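Single-structure report; data block below.
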Amino acid sequence: MDIHIKYNDIGRSLGTDYFRIADQLTEQEIEYWRRTRDFVDDEVLPVIGDYWERAEIPWPLIKRLGELGIVGEGIEGYGCPPMSPLAVGLINMELNRGDGSLGTFLGVQAGLAMRSIAMLGSEEQKQRWLPAMARMEKLGAFALTEPRHGSDSVALETSARRDGDSWVINGAKKWIGNGTLADVVVLWARDEADGKVKGFLVEKNSPGYEAKRIDGKVSLRAIWQAEITLTDLRVPDSNRLPGATSFKAAGAVLAGTRNTVAWAALGHATAAYEIAAAYTRQREQFGKPLVSFQIVQERLVKMLAEVCSMQLYCLQLGKLQNAGTLTDTIAAIAKMNNTRKARQVIAEGRDLLGGNGILLEYHVMRHMADIEALHTYEGTETIQTLIVGRDITGVGAFS
């Protein structure tokens with residue numbers, strides 16, 4: 001059964017934009033949405049299942065991101081395409097509707113690596129890296145998480161010692177997207193002299209940097225994460241990010257990506273709903289389409305209601321970010337809400353497809369596996385909950 005449907009009016013053929021979000025967008029934002037959606041429908045969905053199954057990076061699709069002019073995360077200048085916070089969110093939503101690995105690749109490239117350089121780098125560093133990264137000619141990574149410190153990232157142990165005009169770095173990192181292949185890695189380490197966390201740009205093939213691909217993943221299989229060992233890695237002081245003088249700098253970068261994860265989760269949920277709605281229209285059982293049964297209609301409506309609520313969260317995120325009033329705690333509750341809701345919507349969609357729901361050709365099972373990674377990275381649901389809990393009660397439940 002072919003359940004792939006071309007959406008000529010941004011998903012309204014299945015009621016995905018039930019609350020008419022598109023009516024509140026600019027022409028440019030709609031163009032970014034439509035451009036990315038067409039790319040997903042025409043180029044990503046026909047091939048991504050094979051890449052996911054083989055755990056291979058879809059390099060032709062990665063290259064196309066730069067050609068489409070959708071890499072830049074709203075960074076102004078430096079060859080980055082002009083886009084509003086809503087456009088950034090819509091792009092991430094659509095890429096994740098196609099595939100979580102592809103969306104995560106963009107999140108690492110633009111949301112973490114490029115954003116770090118744009119926010120914290122020198123003018124020379126920005127000029128050197130950002131234009132090429134926007135074209136996907138140079139790839140980036142963001143190395144913060146360590147084997148012993150996941151949620152407790154502020155306790156990182158990787159050390160940096162000043163030695164003349166260089167820094168000598170020792171330690172380890174884990175779960176670093178693109179860490180085995182990046183041209184530049186934004187690396188976070190603690191200065192032995194003052195105890196402050198600082199950021200460094202580590203270039204490809206630097207002696208002392210060893211990255212090993214993490215195998216055996218059942219989620220985000222079409223992107224590679226790395227476990228990194230740093231042994232007397234020498235980085236010139238010119239590669240230190242001048243704006244990264246404490247952990248707050250890393251936190252500022254991460255705060256900007258939590259709302260992007262909320263958009264990404266919406267993309268996964270949207271995919272599950274649209275696939276389930278299309279499948280149940282076409283699949284016949286007991287002599288009539290599945291949508292003819294009351295219980296199927298009820299389940300579809302409940303899925304749609306959750307998708308719509310996630311859309312409204314994301315729409316407000318974009319508006320607040322555009323106004324400069326988006327807070328860490330608002331981003332945290334949106335990330336927590338949307339990844340949790342996406343898991344529920346995807347599970348419902350998989351069940352509605354019956355036995356076919358576990359086949360890659362129907363896509364839902366891939367989303368079901370990939371949403372587990374989104375639910376965890378950029379801060380688990382538990383950590384996001386405690387961040388918001390501290391904000392509304394004034395009492396910190398963790399250090």
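Simple scheme: letters A, B, ... for chains in structure tokens order, numbers from 1 for residues in each chain, numbers from 1 for ligands in the order shown.
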
All residues 9 Å or closer to A:Leu45, only C-alpha atoms, same chain fewer than 2 positions away omitted, as a list in words: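 In the requested format, the answer is His4, Phe39, Val40, Asp41, Asp42, Glu43, Val47, Ile48, Gly49, Gly98, Asp99 and His363 of chain A.
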
Residue neighbourhood A:Gly379, 10 Å, only C-alpha atoms, exclusion window fewer than 2 positions, as a PyMOL selection string: chain A and resi 150-153+254-255+258+332+335-336+374-377+381-385+387

Residues within 6 Å of A:Arg97, only C-alpha atoms, excluding chain neighbours under 6 positions, as an MDAnalysis selection string: chainID A and resid 267:268 271

Would you mind exporting C-alpha atoms of the selected residues as a CSV table (one decimal), in the first residue's frame?
chain,number,residue,atom,x,y,z
A,267,GLY,CA,7.7,17.0,13.4
A,268,HIS,CA,7.8,13.4,14.6
A,271,ALA,CA,4.5,12.3,10.8

Residues within 12 Å of A:Pro242, only C-alpha atoms, excluding chain neighbours under 5 positions, as number ranges by chain: A: 116-126, 197-201, 237, 249

Non-local contacts of stretch 207-211 of chain A (8 Å; only C-alpha atoms; under 4 positions in same chain excluded) as number ranges by chain: A: 179-180, 226-234

Output file for the residues above (N, CA and C atoms, as an mmCIF file, in the first residue's frame):
data_model
loop_
_atom_site.group_PDB
_atom_site.id
_atom_site.type_symbol
_atom_site.label_atom_id
_atom_site.label_comp_id
_atom_site.auth_asym_id
_atom_site.auth_seq_id
_atom_site.Cartn_x
_atom_site.Cartn_y
_atom_site.Cartn_z
ATOM 1 N N GLY A 179 31.008 13.768 15.845
ATOM 2 C CA GLY A 179 32.338 13.854 16.459
ATOM 3 C C GLY A 179 33.427 13.111 15.719
ATOM 4 N N THR A 180 33.068 12.125 14.892
ATOM 5 C CA THR A 180 34.077 11.372 14.147
ATOM 6 C C THR A 180 34.414 12.010 12.812
ATOM 7 N N ALA A 226 29.806 9.982 18.697
ATOM 8 C CA ALA A 226 31.165 9.538 18.979
ATOM 9 C C ALA A 226 31.470 9.538 20.464
ATOM 10 N N GLU A 227 32.360 8.635 20.830
ATOM 11 C CA GLU A 227 33.019 8.693 22.132
ATOM 12 C C GLU A 227 34.429 9.197 21.880
ATOM 13 N N ILE A 228 34.800 10.263 22.562
ATOM 14 C CA ILE A 228 36.037 10.977 22.246
ATOM 15 C C ILE A 228 37.008 10.893 23.421
ATOM 16 N N THR A 229 38.261 10.597 23.107
ATOM 17 C CA THR A 229 39.336 10.614 24.092
ATOM 18 C C THR A 229 40.300 11.739 23.737
ATOM 19 N N LEU A 230 40.626 12.565 24.724
ATOM 20 C CA LEU A 230 41.516 13.714 24.531
ATOM 21 C C LEU A 230 42.775 13.488 25.352
ATOM 22 N N THR A 231 43.894 13.336 24.650
ATOM 23 C CA THR A 231 45.158 13.042 25.311
ATOM 24 C C THR A 231 46.195 14.084 24.919
ATOM 25 N N ASP A 232 46.473 15.001 25.838
ATOM 26 C CA ASP A 232 47.431 16.090 25.581
ATOM 27 C C ASP A 232 47.126 16.782 24.256
ATOM 28 N N LEU A 233 45.857 16.995 24.008
ATOM 29 C CA LEU A 233 45.428 17.721 22.809
ATOM 30 C C LEU A 233 45.873 19.174 22.925
ATOM 31 N N ARG A 234 46.602 19.649 21.934
ATOM 32 C CA ARG A 234 47.124 21.017 21.979
ATOM 33 C C ARG A 234 46.311 21.896 21.033
#

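Interatomic distance, atom CA of A:Cys80 to atom CA of A:Val184: 17.5 Å.
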
DSSP strand (DSSP E or B) residues within stretch 70-242 of chain A, listed as number ranges by chain: A: 140-143, 146, 149, 159-163, 166-177, 184-191, 197-203, 209-213, 225-236, 240

Option closest in space to A:Leu130, from A:Tyr362, A:Asp183, A:Ala143, A:Val88 [counting only C-alpha atoms]: A:Asp183

Selection: 10 Å around A:Leu315, only C-alpha atoms, excl. self and same-chain fewer than 6 positions, as a VMD selection string: chain A and resid 21 24 to 25 85 to 86 89 to 90 263 309

Output of the above residues as a PDB file, in the first residue's frame, restricted to C-alpha atoms:
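The resulting file, out-v1.pdb, is reproduced below:
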ATOM      1  CA  ILE A  21      -1.037  28.200  12.001  1.00  0.00           C
ATOM      2  CA  GLN A  24      -0.127  33.700  11.250  1.00  0.00           C
ATOM      3  CA  LEU A  25       3.076  33.313   9.253  1.00  0.00           C
ATOM      4  CA  PRO A  85      12.750  32.020  14.782  1.00  0.00           C
ATOM      5  CA  LEU A  86       9.501  30.636  13.382  1.00  0.00           C
ATOM      6  CA  GLY A  89      11.362  25.997  13.923  1.00  0.00           C
ATOM      7  CA  LEU A  90       9.365  25.084  10.839  1.00  0.00           C
ATOM      8  CA  TRP A 263       9.746  21.770  17.165  1.00  0.00           C
ATOM      9  CA  SER A 309      -1.477  21.617  21.214  1.00  0.00           C
TER      10      SER A 309
END

Counting only C-alpha atoms, the residue of A:Gly177, A:Pro60, A:Gly256, A:Gly72 that sits nearest A:Thr327: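 The shortest atom-to-atom distance to A:Thr327 comes from A:Gly256.
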
For A:Ala265, the nearest of the candidates A:Glu56, A:Glu137, A:Glu29, A:Glu372, counting only C-alpha atoms: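 Of A:Glu56, A:Glu137, A:Glu29, A:Glu372, the one nearest A:Ala265 is A:Glu372, counting only C-alpha atoms.
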
Distance query A:Ala369 at most 8 Å, only C-alpha atoms, self and fewer than 2 positions along chain excluded, as a VMD selection string: chain A and resid 218 to 220 365 to 367 371 to 373

Those same residues - N, CA and C atoms - I'd like them written as a PDB file, in the first residue's frame.
ATOM      1  N   VAL A 218      19.790   1.984  18.518  1.00  0.00           N
ATOM      2  CA  VAL A 218      18.508   1.639  17.940  1.00  0.00           C
ATOM      3  C   VAL A 218      17.690   2.911  17.681  1.00  0.00           C
ATOM      4  N   SER A 219      18.281   4.056  17.915  1.00  0.00           N
ATOM      5  CA  SER A 219      17.632   5.343  17.706  1.00  0.00           C
ATOM      6  C   SER A 219      18.593   6.249  16.946  1.00  0.00           C
ATOM      7  N   LEU A 220      18.029   7.102  16.064  1.00  0.00           N
ATOM      8  CA  LEU A 220      18.856   8.014  15.256  1.00  0.00           C
ATOM      9  C   LEU A 220      19.992   7.252  14.576  1.00  0.00           C
ATOM     10  N   MET A 365       7.544   3.248  12.849  1.00  0.00           N
ATOM     11  CA  MET A 365       8.425   2.595  13.805  1.00  0.00           C
ATOM     12  C   MET A 365       9.769   3.322  13.904  1.00  0.00           C
ATOM     13  N   ARG A 366      10.221   3.875  12.798  1.00  0.00           N
ATOM     14  CA  ARG A 366      11.462   4.660  12.805  1.00  0.00           C
ATOM     15  C   ARG A 366      11.300   5.898  13.691  1.00  0.00           C
ATOM     16  N   HIS A 367      10.160   6.562  13.564  1.00  0.00           N
ATOM     17  CA  HIS A 367       9.901   7.717  14.425  1.00  0.00           C
ATOM     18  C   HIS A 367       9.778   7.304  15.884  1.00  0.00           C
ATOM     19  N   ILE A 371      12.284   9.140  18.525  1.00  0.00           N
ATOM     20  CA  ILE A 371      11.785  10.097  19.522  1.00  0.00           C
ATOM     21  C   ILE A 371      12.391   9.824  20.891  1.00  0.00           C
ATOM     22  N   GLU A 372      12.843   8.580  21.121  1.00  0.00           N
ATOM     23  CA  GLU A 372      13.463   8.263  22.410  1.00  0.00           C
ATOM     24  C   GLU A 372      14.734   9.065  22.624  1.00  0.00           C
ATOM     25  N   ALA A 373      15.490   9.304  21.558  1.00  0.00           N
ATOM     26  CA  ALA A 373      16.710  10.100  21.691  1.00  0.00           C
ATOM     27  C   ALA A 373      16.363  11.559  21.981  1.00  0.00           C
TER      28      ALA A 373
END

Pairwise distance for atom CA of A:Arg37 and atom CA of A:Thr260, rounded to one decimal in Å: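 Separation of atom CA of A:Arg37 and atom CA of A:Thr260: 16.8 Å.
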
Straight-line distance linking atom CA of A:Phe105 with atom CA of A:Ile223, stated in Å to one decimal: 6.8 Å

Residue among A:Ile30, A:Thr245, A:Gly216, A:Ala252 lying closest to A:Leu112, counting only C-alpha atoms: A:Ala252

DSSP-assigned alpha helix (DSSP H) members of stretch 157-306 of chain A, reported as a PyMOL selection string: chain A and resi 247-282+294-306

Using the selection just defined, write its residues with C-alpha atoms as a CSV table (one decimal), in the first residue's frame.
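Just written: part30.csv:
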chain,number,residue,atom,x,y,z
A,247,PHE,CA,29.6,27.3,31.9
A,248,LYS,CA,26.9,30.0,31.5
A,249,ALA,CA,28.1,30.4,27.9
A,250,ALA,CA,27.5,26.7,27.1
A,251,GLY,CA,24.2,27.0,28.9
A,252,ALA,CA,23.2,29.9,26.7
A,253,VAL,CA,23.8,27.9,23.6
A,254,LEU,CA,21.8,24.9,25.0
A,255,ALA,CA,18.9,27.1,26.0
A,256,GLY,CA,18.6,28.2,22.4
A,257,THR,CA,18.3,24.6,21.2
A,258,ARG,CA,15.7,23.3,23.7
A,259,ASN,CA,12.9,25.1,21.8
A,260,THR,CA,14.3,23.6,18.6
A,261,VAL,CA,13.8,20.2,20.1
A,262,ALA,CA,10.2,21.0,20.9
A,263,TRP,CA,9.7,21.8,17.2
A,264,ALA,CA,11.5,18.5,16.3
A,265,ALA,CA,9.2,16.5,18.5
A,266,LEU,CA,6.3,18.2,16.8
A,267,GLY,CA,7.7,17.0,13.4
A,268,HIS,CA,7.8,13.4,14.6
A,269,ALA,CA,4.3,13.5,16.0
A,270,THR,CA,3.0,15.2,12.8
A,271,ALA,CA,4.5,12.3,10.8
A,272,ALA,CA,2.8,9.7,12.9
A,273,TYR,CA,-0.6,11.4,12.7
A,274,GLU,CA,-0.4,12.0,8.9
A,275,ILE,CA,0.7,8.4,8.2
A,276,ALA,CA,-2.0,7.0,10.5
A,277,ALA,CA,-4.7,9.2,8.9
A,278,ALA,CA,-3.7,8.2,5.4
A,279,TYR,CA,-3.3,4.5,6.2
A,280,THR,CA,-6.7,4.2,7.9
A,281,ARG,CA,-8.4,5.9,5.0
A,282,GLN,CA,-7.0,3.3,2.6
A,294,GLN,CA,-15.9,5.0,15.5
A,295,ILE,CA,-12.9,4.0,17.6
A,296,VAL,CA,-10.5,4.7,14.8
A,297,GLN,CA,-12.0,8.2,14.3
A,298,GLU,CA,-11.8,8.8,18.1
A,299,ARG,CA,-8.1,7.9,18.2
A,300,LEU,CA,-7.3,10.0,15.2
A,301,VAL,CA,-9.0,13.0,16.7
A,302,LYS,CA,-7.1,12.6,20.0
A,303,MET,CA,-3.8,12.3,18.1
A,304,LEU,CA,-4.7,15.5,16.1
A,305,ALA,CA,-5.6,17.3,19.4
A,306,GLU,CA,-2.2,16.6,20.8

Best match for closeness to A:Ile176 among A:Gly357, A:Glu378, A:Ile70, A:Gly100, counting only C-alpha atoms: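 Closest to A:Ile176, using only C-alpha atoms: A:Glu378.
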